[in-house]
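File shown here: input.cif, holding mmCIF, C-alpha atoms (C1' of nucleotides).
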```cif
data_run
loop_
_atom_site.label_atom_id
_atom_site.label_comp_id
_atom_site.auth_asym_id
_atom_site.auth_seq_id
_atom_site.Cartn_x
_atom_site.Cartn_y
_atom_site.Cartn_z
CA MET N 1 44.65 -63.88 -15.89
CA GLU N 2 45.13 -64.73 -12.21
CA LEU N 3 44.89 -61.11 -11.18
CA TYR N 4 42.03 -60.34 -13.53
CA ALA N 5 40.11 -63.28 -12.13
CA GLU N 6 40.94 -62.45 -8.51
CA ARG N 7 40.04 -58.80 -8.33
CA GLY N 8 38.60 -57.96 -11.74
CA PHE N 9 40.14 -56.33 -14.79
CA GLU N 10 39.69 -52.68 -13.88
CA GLN N 11 40.77 -53.19 -10.30
CA THR N 12 44.02 -54.68 -11.46
CA THR N 13 46.83 -52.23 -12.14
CA VAL N 14 49.65 -52.83 -14.57
CA ALA N 15 52.09 -52.23 -11.75
CA GLU N 16 50.59 -55.21 -9.93
CA ILE N 17 50.82 -57.41 -12.99
CA ALA N 18 54.42 -56.41 -13.53
CA GLU N 19 55.25 -57.09 -9.91
CA ARG N 20 53.75 -60.56 -9.92
CA ALA N 21 55.49 -61.35 -13.19
CA GLY N 22 58.76 -60.10 -11.75
CA LEU N 23 59.44 -57.33 -14.20
CA THR N 24 58.94 -53.65 -14.79
CA GLU N 25 55.80 -51.88 -15.86
CA ARG N 26 57.70 -50.56 -18.86
CA THR N 27 58.66 -54.06 -19.88
CA PHE N 28 55.07 -55.18 -19.69
CA PHE N 29 54.17 -52.63 -22.32
CA ARG N 30 56.98 -53.86 -24.51
CA HIS N 31 55.32 -57.26 -24.66
CA TYR N 32 51.70 -56.17 -24.77
CA ALA N 33 50.35 -53.15 -26.59
CA ASP N 34 47.99 -52.48 -23.72
CA LYS N 35 46.49 -53.93 -20.59
CA ARG N 36 43.80 -55.84 -22.48
CA GLU N 37 45.99 -57.46 -25.04
CA VAL N 38 47.24 -59.98 -22.49
CA LEU N 39 44.10 -62.00 -23.01
CA PHE N 40 44.25 -62.03 -26.80
CA GLY N 41 47.67 -63.41 -27.55
CA GLY N 42 46.52 -66.42 -29.54
CA ALA N 43 44.46 -64.40 -32.01
CA ASP N 44 47.14 -64.41 -34.69
CA GLN N 45 47.46 -68.18 -34.79
CA LEU N 46 43.70 -68.48 -34.92
CA ASN N 47 43.64 -66.06 -37.83
CA GLU N 48 46.25 -68.00 -39.73
CA LEU N 49 44.56 -71.34 -39.13
CA LEU N 50 41.22 -70.01 -40.26
CA VAL N 51 42.55 -68.27 -43.35
CA ASN N 52 44.50 -71.32 -44.45
CA ALA N 53 41.55 -73.63 -43.97
CA VAL N 54 39.36 -71.39 -46.09
CA ALA N 55 42.04 -70.91 -48.73
CA TYR N 56 42.62 -74.63 -49.13
CA ALA N 57 39.01 -75.75 -48.95
CA PRO N 58 37.98 -77.84 -51.99
CA GLU N 59 37.61 -75.73 -55.10
CA ALA N 60 34.11 -77.05 -55.58
CA ALA N 61 33.04 -75.72 -52.20
CA THR N 62 30.65 -72.77 -52.13
CA PRO N 63 31.74 -69.70 -50.14
CA LEU N 64 29.67 -70.78 -47.18
CA GLU N 65 31.01 -74.32 -47.29
CA ALA N 66 34.58 -73.08 -47.48
CA VAL N 67 34.01 -70.84 -44.49
CA ALA N 68 32.34 -73.63 -42.57
CA THR N 69 35.44 -75.73 -43.15
CA GLY N 70 37.56 -72.97 -41.66
CA LEU N 71 35.39 -72.52 -38.61
CA GLU N 72 35.39 -76.22 -37.89
CA ALA N 73 39.17 -76.17 -38.02
CA VAL N 74 39.13 -73.41 -35.42
CA GLY N 75 36.60 -75.39 -33.43
CA ALA N 76 38.86 -78.41 -33.48
CA LEU N 77 41.72 -76.33 -32.13
CA LEU N 78 39.71 -74.92 -29.25
CA GLN N 79 37.87 -78.10 -28.50
CA GLY N 80 40.32 -79.45 -25.94
CA ARG N 81 40.57 -76.22 -23.99
CA ARG N 82 37.04 -75.80 -22.82
CA GLU N 83 37.83 -75.07 -19.21
CA PHE N 84 40.43 -72.52 -20.16
CA ALA N 85 37.99 -70.91 -22.59
CA ARG N 86 35.39 -70.76 -19.86
CA ARG N 87 37.66 -69.01 -17.40
CA ARG N 88 38.86 -66.59 -20.04
CA GLN N 89 35.35 -65.85 -21.22
CA ALA N 90 34.15 -65.22 -17.69
CA ILE N 91 36.76 -62.49 -17.32
CA ILE N 92 35.91 -60.96 -20.68
CA SER N 93 32.17 -61.07 -20.08
CA ALA N 94 32.64 -59.17 -16.85
CA ASN N 95 34.21 -56.16 -18.56
CA PRO N 96 33.09 -54.02 -21.51
CA GLN N 97 36.61 -52.93 -22.43
CA LEU N 98 37.60 -56.54 -22.90
CA GLN N 99 34.46 -57.25 -24.89
CA GLU N 100 35.37 -54.41 -27.21
CA ARG N 101 38.77 -55.89 -27.77
CA GLU N 102 37.31 -59.31 -28.44
CA LEU N 103 34.84 -57.89 -30.92
CA ILE N 104 37.49 -56.12 -32.93
CA LYS N 105 39.51 -59.33 -33.08
CA LEU N 106 36.51 -61.15 -34.44
CA ALA N 107 35.84 -58.35 -36.90
CA SER N 108 39.40 -58.66 -38.04
CA LEU N 109 38.80 -62.36 -38.63
CA ALA N 110 35.71 -61.51 -40.67
CA GLY N 111 37.82 -59.19 -42.77
CA ALA N 112 40.47 -61.86 -43.30
CA ILE N 113 37.83 -64.34 -44.39
CA ALA N 114 36.42 -61.86 -46.85
CA GLU N 115 39.87 -61.28 -48.30
CA VAL N 116 40.53 -64.97 -48.81
CA LEU N 117 37.15 -65.45 -50.40
CA ARG N 118 37.91 -62.69 -52.86
CA ALA N 119 41.13 -64.49 -53.71
CA ARG N 120 38.93 -67.49 -54.43
CA GLY N 121 36.98 -65.43 -56.93
CA VAL N 122 34.00 -64.46 -54.80
CA ALA N 123 32.65 -61.01 -55.59
CA GLY N 124 33.67 -58.25 -53.17
CA ALA N 125 30.39 -57.43 -51.47
CA LEU N 126 29.38 -61.07 -51.24
CA ALA N 127 32.72 -61.96 -49.71
CA GLY N 128 32.28 -59.23 -47.11
CA LEU N 129 28.82 -60.45 -46.21
CA THR N 130 29.98 -64.04 -45.96
CA GLY N 131 32.79 -63.04 -43.62
CA GLU N 132 30.36 -61.26 -41.32
CA LEU N 133 27.92 -64.16 -41.42
CA ALA N 134 30.70 -66.57 -40.55
CA MET N 135 31.64 -64.62 -37.46
CA ALA N 136 27.99 -64.33 -36.49
CA VAL N 137 27.66 -68.09 -36.59
CA PHE N 138 30.90 -68.54 -34.73
CA LYS N 139 29.97 -66.12 -31.98
CA ALA N 140 26.62 -67.79 -31.43
CA ALA N 141 28.14 -71.27 -31.47
CA PHE N 142 31.03 -70.36 -29.21
CA GLU N 143 28.70 -68.82 -26.68
CA GLN N 144 26.59 -71.96 -26.60
CA TRP N 145 29.63 -74.17 -26.27
CA VAL N 146 31.05 -72.18 -23.38
CA GLU N 147 27.78 -71.89 -21.51
CA GLN N 148 26.44 -75.37 -21.86
CA ALA N 149 27.42 -78.18 -19.54
CA ASP N 150 26.52 -81.03 -21.87
CA GLU N 151 28.54 -83.15 -24.21
CA ARG N 152 28.49 -81.40 -27.60
CA GLU N 153 31.91 -80.33 -28.75
CA LEU N 154 32.62 -77.07 -30.53
CA PRO N 155 32.89 -78.27 -34.14
CA GLN N 156 29.55 -79.97 -33.79
CA VAL N 157 27.92 -76.89 -32.31
CA ILE N 158 29.32 -74.88 -35.21
CA ARG N 159 27.91 -77.33 -37.74
CA GLU N 160 24.52 -77.22 -36.09
CA SER N 161 24.58 -73.42 -36.02
CA PHE N 162 25.25 -73.36 -39.75
CA GLU N 163 22.30 -75.69 -40.15
CA GLU N 164 20.12 -73.37 -38.12
CA MET N 165 21.17 -70.48 -40.28
CA ARG N 166 20.16 -72.39 -43.39
CA ALA N 167 16.86 -73.29 -41.79
CA LEU N 168 16.23 -69.66 -40.87
CA SER N 169 16.87 -68.64 -44.46
CA THR N 170 14.35 -71.10 -45.95
CA PRO N 171 11.29 -70.51 -43.80
CA ARG N 172 8.77 -72.18 -46.09
CA ARG N 173 9.84 -75.75 -45.48
CA GLN N 174 10.41 -75.23 -41.82
CA THR N 175 7.89 -76.06 -39.14
CA ALA N 176 6.67 -72.76 -37.78
CA PRO N 177 8.19 -71.98 -34.38
CA ALA N 178 5.80 -71.47 -31.51
CA ARG N 179 5.11 -67.78 -31.18
CA ARG N 180 3.44 -66.66 -28.02
CA ARG N 181 2.73 -63.00 -27.87
CA ARG N 182 4.27 -59.72 -28.75
CA ALA N 183 7.00 -58.23 -26.63
CA ALA N 184 6.10 -55.28 -24.51
CA ALA N 185 7.87 -52.19 -25.78
CA ARG N 186 9.77 -50.26 -23.20
CA MET Y 1 33.57 -34.27 -34.93
CA GLU Y 2 35.26 -31.18 -36.32
CA LEU Y 3 38.38 -31.73 -34.30
CA TYR Y 4 38.44 -35.47 -34.90
CA ALA Y 5 38.18 -34.84 -38.62
CA GLU Y 6 40.77 -32.08 -38.61
CA ARG Y 7 43.61 -33.69 -36.75
CA GLY Y 8 42.49 -37.23 -36.05
CA PHE Y 9 40.94 -38.82 -32.99
CA GLU Y 10 44.07 -39.63 -31.01
CA GLN Y 11 45.69 -36.31 -31.77
CA THR Y 12 42.70 -34.52 -30.29
CA THR Y 13 42.78 -33.92 -26.55
CA VAL Y 14 39.71 -33.55 -24.39
CA ALA Y 15 41.02 -30.19 -23.24
CA GLU Y 16 40.87 -29.00 -26.85
CA ILE Y 17 37.32 -30.25 -27.29
CA ALA Y 18 36.25 -28.56 -24.09
CA GLU Y 19 37.88 -25.32 -25.12
CA ARG Y 20 36.20 -25.22 -28.52
CA ALA Y 21 32.88 -26.09 -26.94
CA GLY Y 22 33.40 -23.36 -24.38
CA LEU Y 23 33.29 -25.46 -21.25
CA THR Y 24 35.47 -27.35 -18.84
CA GLU Y 25 37.12 -30.71 -19.34
CA ARG Y 26 35.28 -31.91 -16.27
CA THR Y 27 31.96 -30.87 -17.75
CA PHE Y 28 32.73 -32.77 -20.94
CA PHE Y 29 33.00 -35.95 -18.92
CA ARG Y 30 29.68 -35.21 -17.28
CA HIS Y 31 28.01 -35.37 -20.68
CA TYR Y 32 30.03 -38.17 -22.25
CA ALA Y 33 31.33 -41.23 -20.50
CA ASP Y 34 34.54 -41.03 -22.44
CA LYS Y 35 36.22 -39.40 -25.39
CA ARG Y 36 34.79 -41.87 -27.88
CA GLU Y 37 31.20 -41.68 -26.81
CA VAL Y 38 30.77 -38.32 -28.52
CA LEU Y 39 30.32 -40.11 -31.82
CA PHE Y 40 27.76 -42.63 -30.57
CA GLY Y 41 25.06 -40.51 -29.08
CA GLY Y 42 22.24 -41.72 -31.31
CA ALA Y 43 22.71 -45.36 -30.48
CA ASP Y 44 19.93 -45.46 -27.91
CA GLN Y 45 17.28 -44.15 -30.28
CA LEU Y 46 18.45 -46.62 -32.90
CA ASN Y 47 18.14 -49.39 -30.39
CA GLU Y 48 14.63 -48.40 -29.44
CA LEU Y 49 13.49 -48.07 -33.02
CA LEU Y 50 14.91 -51.44 -33.93
CA VAL Y 51 13.51 -53.23 -30.93
CA ASN Y 52 10.04 -51.81 -31.42
CA ALA Y 53 9.99 -52.68 -35.09
CA VAL Y 54 10.90 -56.27 -34.31
CA ALA Y 55 8.47 -56.48 -31.44
CA TYR Y 56 5.54 -55.25 -33.51
CA ALA Y 57 6.32 -57.15 -36.68
CA PRO Y 58 3.38 -59.28 -37.88
CA GLU Y 59 2.85 -62.32 -35.73
CA ALA Y 60 3.03 -64.52 -38.77
CA ALA Y 61 6.53 -63.30 -39.59
CA THR Y 62 9.40 -65.72 -39.13
CA PRO Y 63 12.27 -64.57 -36.91
CA LEU Y 64 14.33 -63.54 -39.90
CA GLU Y 65 11.43 -61.66 -41.45
CA ALA Y 66 10.74 -59.83 -38.20
CA VAL Y 67 14.36 -58.83 -37.93
CA ALA Y 68 14.45 -57.72 -41.56
CA THR Y 69 11.50 -55.46 -40.79
CA GLY Y 70 13.46 -53.89 -37.97
CA LEU Y 71 16.58 -53.35 -40.01
CA GLU Y 72 14.65 -51.71 -42.79
CA ALA Y 73 13.13 -49.33 -40.25
CA VAL Y 74 16.65 -48.42 -39.16
CA GLY Y 75 17.65 -48.09 -42.80
CA ALA Y 76 14.77 -45.70 -43.41
CA LEU Y 77 15.92 -43.54 -40.51
CA LEU Y 78 19.51 -43.30 -41.73
CA GLN Y 79 18.62 -43.02 -45.35
CA GLY Y 80 18.49 -39.24 -45.50
CA ARG Y 81 21.77 -38.73 -43.68
CA ARG Y 82 24.17 -40.35 -46.07
CA GLU Y 83 26.72 -37.56 -46.16
CA PHE Y 84 26.75 -37.31 -42.40
CA ALA Y 85 27.14 -41.06 -42.14
CA ARG Y 86 30.03 -40.94 -44.55
CA ARG Y 87 31.91 -38.30 -42.61
CA ARG Y 88 31.30 -40.07 -39.36
CA GLN Y 89 32.34 -43.41 -40.76
CA ALA Y 90 35.54 -41.96 -42.19
CA ILE Y 91 36.54 -40.85 -38.70
CA ILE Y 92 35.66 -44.19 -37.17
CA SER Y 93 37.42 -46.20 -39.87
CA ALA Y 94 40.59 -44.25 -39.21
CA ASN Y 95 40.81 -45.34 -35.59
CA PRO Y 96 40.70 -48.77 -33.94
CA GLN Y 97 39.46 -47.43 -30.61
CA LEU Y 98 36.43 -45.98 -32.33
CA GLN Y 99 35.86 -49.19 -34.24
CA GLU Y 100 35.84 -51.08 -30.97
CA ARG Y 101 33.21 -48.77 -29.61
CA GLU Y 102 31.11 -49.13 -32.73
CA LEU Y 103 31.36 -52.89 -32.60
CA ILE Y 104 30.17 -53.11 -29.03
CA LYS Y 105 27.21 -50.89 -29.86
CA LEU Y 106 26.30 -53.24 -32.69
CA ALA Y 107 26.76 -56.24 -30.43
CA SER Y 108 24.44 -54.62 -27.96
CA LEU Y 109 21.88 -54.28 -30.73
CA ALA Y 110 22.29 -57.96 -31.53
CA GLY Y 111 21.61 -58.75 -27.91
CA ALA Y 112 18.52 -56.55 -27.86
CA ILE Y 113 17.19 -58.27 -30.97
CA ALA Y 114 17.75 -61.66 -29.41
CA GLU Y 115 15.86 -60.58 -26.32
CA VAL Y 116 12.86 -59.36 -28.29
CA LEU Y 117 12.82 -62.52 -30.34
CA ARG Y 118 12.72 -64.59 -27.18
CA ALA Y 119 9.76 -62.53 -26.05
CA ARG Y 120 8.19 -63.50 -29.35
CA GLY Y 121 8.63 -67.15 -28.46
CA VAL Y 122 11.80 -67.94 -30.36
CA ALA Y 123 14.07 -70.43 -28.63
CA GLY Y 124 17.04 -68.96 -26.79
CA ALA Y 125 19.94 -70.16 -28.89
CA LEU Y 126 18.11 -69.55 -32.14
CA ALA Y 127 17.25 -66.03 -31.04
CA GLY Y 128 20.88 -65.36 -30.23
CA LEU Y 129 22.01 -66.63 -33.60
CA THR Y 130 19.39 -64.57 -35.41
CA GLY Y 131 20.49 -61.43 -33.61
CA GLU Y 132 24.08 -61.98 -34.67
CA LEU Y 133 23.06 -62.74 -38.25
CA ALA Y 134 20.99 -59.59 -38.37
CA MET Y 135 23.92 -57.44 -37.34
CA ALA Y 136 26.14 -59.24 -39.83
CA VAL Y 137 23.74 -58.37 -42.63
CA PHE Y 138 23.43 -54.83 -41.38
CA LYS Y 139 27.16 -54.28 -41.16
CA ALA Y 140 27.72 -55.57 -44.68
CA ALA Y 141 24.84 -53.54 -46.08
CA PHE Y 142 25.80 -50.37 -44.26
CA GLU Y 143 29.36 -50.62 -45.50
CA GLN Y 144 28.18 -50.97 -49.07
CA TRP Y 145 25.80 -48.08 -48.70
CA VAL Y 146 28.45 -45.77 -47.31
CA GLU Y 147 31.10 -46.73 -49.82
CA GLN Y 148 29.11 -46.76 -52.99
CA ALA Y 149 28.44 -43.67 -55.03
CA ASP Y 150 25.39 -44.99 -56.86
CA GLU Y 151 21.72 -44.59 -56.28
CA ARG Y 152 20.65 -47.51 -54.08
CA GLU Y 153 19.29 -46.39 -50.74
CA LEU Y 154 19.97 -48.16 -47.47
CA PRO Y 155 16.71 -50.11 -46.99
CA GLN Y 156 17.10 -51.53 -50.47
CA VAL Y 157 20.72 -52.52 -49.87
CA ILE Y 158 19.60 -54.22 -46.66
CA ARG Y 159 16.88 -56.15 -48.49
CA GLU Y 160 19.33 -57.25 -51.13
CA SER Y 161 21.82 -58.33 -48.52
CA PHE Y 162 19.18 -60.50 -46.88
CA GLU Y 163 18.51 -61.98 -50.28
CA GLU Y 164 22.19 -62.71 -50.75
CA MET Y 165 22.26 -64.42 -47.37
CA ARG Y 166 19.37 -66.64 -48.41
CA ALA Y 167 21.09 -67.40 -51.68
CA LEU Y 168 24.29 -68.30 -49.86
CA SER Y 169 22.37 -70.68 -47.64
CA THR Y 170 20.77 -72.60 -50.51
CA PRO Y 171 23.72 -73.32 -52.74
CA ARG Y 172 22.14 -76.04 -54.82
CA ARG Y 173 19.79 -73.84 -56.79
CA GLN Y 174 22.28 -71.09 -57.21
CA THR Y 175 24.44 -70.64 -60.29
CA ALA Y 176 27.97 -71.51 -59.26
CA PRO Y 177 30.10 -68.39 -58.72
CA ALA Y 178 33.22 -68.06 -60.83
CA ARG Y 179 36.08 -69.46 -58.84
CA ARG Y 180 39.54 -68.75 -60.13
CA ARG Y 181 42.27 -70.24 -58.05
CA ARG Y 182 43.24 -70.84 -54.50
CA ALA Y 183 44.55 -68.03 -52.38
CA ALA Y 184 48.23 -68.07 -51.60
CA ALA Y 185 48.77 -68.72 -47.93
CA ARG Y 186 50.96 -66.20 -46.21
"C1'" DG A 1 89.63 -64.17 -27.69
"C1'" DC A 2 88.25 -59.57 -28.08
"C1'" DA A 3 85.69 -55.67 -30.03
"C1'" DA A 4 81.60 -54.37 -31.90
"C1'" DG A 5 76.93 -54.88 -32.62
"C1'" DT A 6 72.17 -56.48 -31.05
"C1'" DG A 7 68.21 -57.04 -28.26
"C1'" DA A 8 65.96 -57.11 -23.96
"C1'" DT A 9 65.41 -54.76 -19.65
"C1'" DG A 10 65.36 -51.02 -15.96
"C1'" DA A 11 64.88 -46.24 -14.62
"C1'" DC A 12 62.91 -42.04 -14.99
"C1'" DA A 13 60.04 -38.33 -16.51
"C1'" DG A 14 56.06 -36.74 -18.87
"C1'" DT A 15 51.36 -36.64 -21.19
"C1'" DT A 16 46.56 -37.65 -21.19
"C1'" DG A 17 42.21 -39.85 -20.13
"C1'" DC A 18 39.28 -40.07 -16.46
"C1'" DT A 19 37.36 -39.60 -11.37
"C1'" DG A 20 36.33 -37.67 -6.66
"C1'" DT A 21 35.16 -33.78 -4.19
"C1'" DC A 22 33.81 -29.37 -2.93
"C1'" DA A 23 32.33 -24.68 -3.88
"C1'" DT A 24 29.48 -21.66 -6.71
"C1'" DC A 25 25.55 -20.09 -9.00
"C1'" DA A 26 21.21 -19.86 -11.47
"C1'" DA A 27 16.43 -21.22 -11.43
"C1'" DG A 28 12.56 -22.86 -9.64
"C1'" DT A 29 9.61 -24.04 -5.16
"C1'" DT A 30 7.36 -23.30 -0.95
"C1'" DA U 1 12.83 -14.73 1.38
"C1'" DA U 2 14.66 -19.20 2.62
"C1'" DC U 3 15.42 -23.64 0.49
"C1'" DT U 4 16.13 -27.21 -2.75
"C1'" DT U 5 17.94 -28.74 -7.13
"C1'" DG U 6 20.84 -29.23 -11.08
"C1'" DA U 7 24.51 -27.82 -13.80
"C1'" DT U 8 29.11 -26.03 -13.85
"C1'" DG U 9 33.98 -24.75 -12.48
"C1'" DA U 10 38.15 -25.64 -9.85
"C1'" DC U 11 41.25 -28.38 -8.02
"C1'" DA U 12 43.71 -32.60 -6.86
"C1'" DG U 13 44.90 -37.22 -7.93
"C1'" DC U 14 45.28 -41.96 -10.10
"C1'" DA U 15 46.55 -45.02 -13.69
"C1'" DA U 16 47.42 -46.15 -18.52
"C1'" DC U 17 50.60 -45.47 -21.72
"C1'" DT U 18 55.09 -43.30 -24.25
"C1'" DG U 19 59.81 -41.41 -25.08
"C1'" DT U 20 64.41 -41.65 -23.90
"C1'" DC U 21 68.67 -43.09 -22.15
"C1'" DA U 22 71.68 -46.25 -19.72
"C1'" DT U 23 72.87 -51.00 -18.64
"C1'" DC U 24 73.90 -55.59 -19.56
"C1'" DA U 25 73.88 -60.24 -21.40
"C1'" DC U 26 74.71 -62.52 -25.72
"C1'" DT U 27 76.12 -63.18 -30.27
"C1'" DT U 28 79.09 -62.31 -34.30
"C1'" DG U 29 82.94 -61.09 -37.14
"C1'" DC U 30 87.79 -60.84 -37.39
#
```

Please lay out the structure from this file as structure tokens.
Amino acid sequence: MELYAERGFEQTTVAEIAERAGLTERTFFRHYADKREVLFGGADQLNELLVNAVAYAPEAATPLEAVATGLEAVGALLQGRREFARRRQAIISANPQLQERELIKLASLAGAIAEVLRARGVAGALAGLTGELAMAVFKAAFEQWVEQADERELPQVIRESFEEMRALSTPRRQTAPARRRRAAAR
Amino acid sequence: MELYAERGFEQTTVAEIAERAGLTERTFFRHYADKREVLFGGADQLNELLVNAVAYAPEAATPLEAVATGLEAVGALLQGRREFARRRQAIISANPQLQERELIKLASLAGAIAEVLRARGVAGALAGLTGELAMAVFKAAFEQWVEQADERELPQVIRESFEEMRALSTPRRQTAPARRRRAAAR
DNA sequence: GCAAGTGATGACAGTTGCTGTCATCAAGTT
DNA sequence: AACTTGATGACAGCAACTGTCATCACTTGC
């Protein structure tokens, strides 16, 4: 992360990383599948935490409620590490290759959620959709949390994002948002 | 696509592609940024179509309705090319690198949607969330459409997926899904 | 207390994706 | 006919990864 932050991801060579870490290039690749994976080590724990939280959500919970439970558990885990998350995210945002890797990790989470939901008796297609929706909410919430300077913590932002999603889905009772004018097509 | 289908993406070298196409490896890279990009040529047109449809949706439409309009336009475009989509998707599903590329294209679409929504006067965070939700619905719908053998066409599957999302978001009026038992944690 | 296995590391060598650079050549322009 | 322009080929070169073998510390069974 030091090197990636100093000179950028692409400008950093694996040889340099290995040198600073005091080992061989070959050894680096024994620990990390590729150059990007260094930044995504914790994904497995996150996956497990999320899956467990969804699996053990109250039986009475609807699919969306169960998933919300899981995301808040993840939020609680990340909540203390905001500065770290910010630094990490700055590196990722600066490089498309890293964004790709992050996206496939999130997609994998969506798949895991869908699987657990099916084990809970949710129909296949609905479980898949719910998994995708969950990651959509998480992505939006996480982005807000990282960008904002104010006091809201991640679990709260996640809860509010779920609320916004519900509000979006029931437009009739919602106060109409201010719409200005049409976008100019390019 | 022929070569990727024949022997797999990773087992295909750019030299082989160039040879079959009757040109040089160097020329290949002048037309495609990298080996994966070959499969994602139409993304720009898709982007434009989607953005325009959202931009010119009725002013009275809520954000979600505007976005649904856009997705159905995309669905209408793809609708005739189901067999092609299937072949393409089989190749992509078989390789993580290609999935990463696909995911970042979809994320880019989500970003474009968010931008257009902001131009329509939707608040920043809400626009971002809506963009992500739209791609979540699209991904789930597209997967169903490609996998299924039955008669439903893509725009219809998209509409139904939006309906399912609304149903998920208003659990009280919904008949409770059959829940069997908790998933075993691994 | 020693031999045998085990797992992590180093040391190469090799493949492949991708880039920079220059020459060539066809086609249109003045 | 000279001149630009755009696409292509022909190298050369870098860096990410992989296969393979030797080494070496550490454990384990006897």

Quiz item: Restricting the calculation to only C-alpha atoms (C1' of nucleotides), which member of Y:Leu103, Y:Ala5, Y:Leu71, Y:Leu23 is positioned closest to chain U?
Solution: Y:Leu23

Quiz item: What do you get, as a PyMOL selection string, if you spell out every residue that the PyMOL selection byres ((chain U) within 9 of (chain Y)) selects here?
Solution: chain U and resi 7-9

Self-check item: Explicit residue set for the PyMOL selection byres ((chain A and resi 15) around 9), as an NGL selection string
Solution: (:A and (14 or 16)) or (:U and (17-18))

Self-check item: A:DC18 environment, 12 Å, only C-alpha atoms (C1' of nucleotides), sequence neighbours closer than 6 positions dropped, as number ranges by chain
Solution: Y: 14, 25-30, 32-35; U: 13-16

Self-check item: Expected answer as a PyMOL selection string: chain A residues within 10 Å of chain N, all atoms listed in the file
Solution: chain A and resi 8-11

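In this comparison, which uses all atoms listed in the file, the residue of N:Ala94, N:Met1, N:Ile104, N:Ala43 approaching chain Y most closely is N:Ile104.
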
Quiz item: Which polymer residues have any atom within 10 Å of an atom of A:DA23, counting all atoms listed in the file, with same-chain residues fewer than 2 positions away left out, as a list in words?
Solution: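 Skipping anything fewer than 2 positions along the chain leaves DT21 and DC25 of chain A; DG9 and DA10 of chain U.
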
Write the selection just made, keeping C-alpha atoms (C1' of nucleotides), as a JSON list (two decimals), keeping the file's coordinate frame?
```json
[["chain", "number", "residue", "atom", "x", "y", "z"],
["A", 21, "DT", "C1'", 35.16, -33.78, -4.19],
["A", 25, "DC", "C1'", 25.55, -20.09, -9.00],
["U", 9, "DG", "C1'", 33.98, -24.75, -12.48],
["U", 10, "DA", "C1'", 38.15, -25.64, -9.85]]
```

Exercise. Measure the distance from atom CA of Y:Ile113 to atom CA of Y:Asp44 in Å and round it to one decimal.
Key: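 Computed distance, atom CA of Y:Ile113 to atom CA of Y:Asp44, equals 13.5 Å.
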
Exercise. Please indicate the distance in Å from atom C1' of U:DC24 to atom CA of N:Val38, rounded to one decimal place.
Key: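 Computing it gives 27.2 Å between the two atoms.
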
Could stretch 60-72 of chain Y be completed with N, CA and C atoms and written as a PDB file, in the coordinates of the input, please?
```pdb
ATOM      1  N   ALA Y  60       2.768 -63.427 -37.852  1.00  0.00           N
ATOM      2  CA  ALA Y  60       3.030 -64.520 -38.770  1.00  0.00           C
ATOM      3  C   ALA Y  60       4.471 -64.517 -39.283  1.00  0.00           C
ATOM      4  N   ALA Y  61       5.171 -63.419 -39.057  1.00  0.00           N
ATOM      5  CA  ALA Y  61       6.530 -63.300 -39.590  1.00  0.00           C
ATOM      6  C   ALA Y  61       7.472 -64.287 -38.917  1.00  0.00           C
ATOM      7  N   THR Y  62       8.352 -64.876 -39.698  1.00  0.00           N
ATOM      8  CA  THR Y  62       9.400 -65.720 -39.130  1.00  0.00           C
ATOM      9  C   THR Y  62      10.408 -64.812 -38.431  1.00  0.00           C
ATOM     10  N   PRO Y  63      11.267 -65.399 -37.599  1.00  0.00           N
ATOM     11  CA  PRO Y  63      12.270 -64.570 -36.910  1.00  0.00           C
ATOM     12  C   PRO Y  63      13.057 -63.707 -37.886  1.00  0.00           C
ATOM     13  N   LEU Y  64      13.524 -64.292 -38.951  1.00  0.00           N
ATOM     14  CA  LEU Y  64      14.330 -63.540 -39.900  1.00  0.00           C
ATOM     15  C   LEU Y  64      13.523 -62.424 -40.565  1.00  0.00           C
ATOM     16  N   GLU Y  65      12.269 -62.696 -40.841  1.00  0.00           N
ATOM     17  CA  GLU Y  65      11.430 -61.660 -41.450  1.00  0.00           C
ATOM     18  C   GLU Y  65      11.195 -60.516 -40.466  1.00  0.00           C
ATOM     19  N   ALA Y  66      10.946 -60.863 -39.218  1.00  0.00           N
ATOM     20  CA  ALA Y  66      10.740 -59.830 -38.200  1.00  0.00           C
ATOM     21  C   ALA Y  66      11.962 -58.935 -38.081  1.00  0.00           C
ATOM     22  N   VAL Y  67      13.111 -59.575 -38.070  1.00  0.00           N
ATOM     23  CA  VAL Y  67      14.360 -58.830 -37.930  1.00  0.00           C
ATOM     24  C   VAL Y  67      14.610 -57.967 -39.160  1.00  0.00           C
ATOM     25  N   ALA Y  68      14.276 -58.501 -40.331  1.00  0.00           N
ATOM     26  CA  ALA Y  68      14.450 -57.720 -41.560  1.00  0.00           C
ATOM     27  C   ALA Y  68      13.579 -56.465 -41.498  1.00  0.00           C
ATOM     28  N   THR Y  69      12.379 -56.615 -40.990  1.00  0.00           N
ATOM     29  CA  THR Y  69      11.500 -55.460 -40.790  1.00  0.00           C
ATOM     30  C   THR Y  69      12.202 -54.395 -39.950  1.00  0.00           C
ATOM     31  N   GLY Y  70      12.777 -54.823 -38.853  1.00  0.00           N
ATOM     32  CA  GLY Y  70      13.460 -53.890 -37.970  1.00  0.00           C
ATOM     33  C   GLY Y  70      14.619 -53.193 -38.647  1.00  0.00           C
ATOM     34  N   LEU Y  71      15.419 -53.953 -39.354  1.00  0.00           N
ATOM     35  CA  LEU Y  71      16.580 -53.350 -40.010  1.00  0.00           C
ATOM     36  C   LEU Y  71      16.173 -52.349 -41.072  1.00  0.00           C
ATOM     37  N   GLU Y  72      15.079 -52.656 -41.771  1.00  0.00           N
ATOM     38  CA  GLU Y  72      14.650 -51.710 -42.790  1.00  0.00           C
ATOM     39  C   GLU Y  72      14.134 -50.417 -42.157  1.00  0.00           C
TER      40      GLU Y  72
END
```
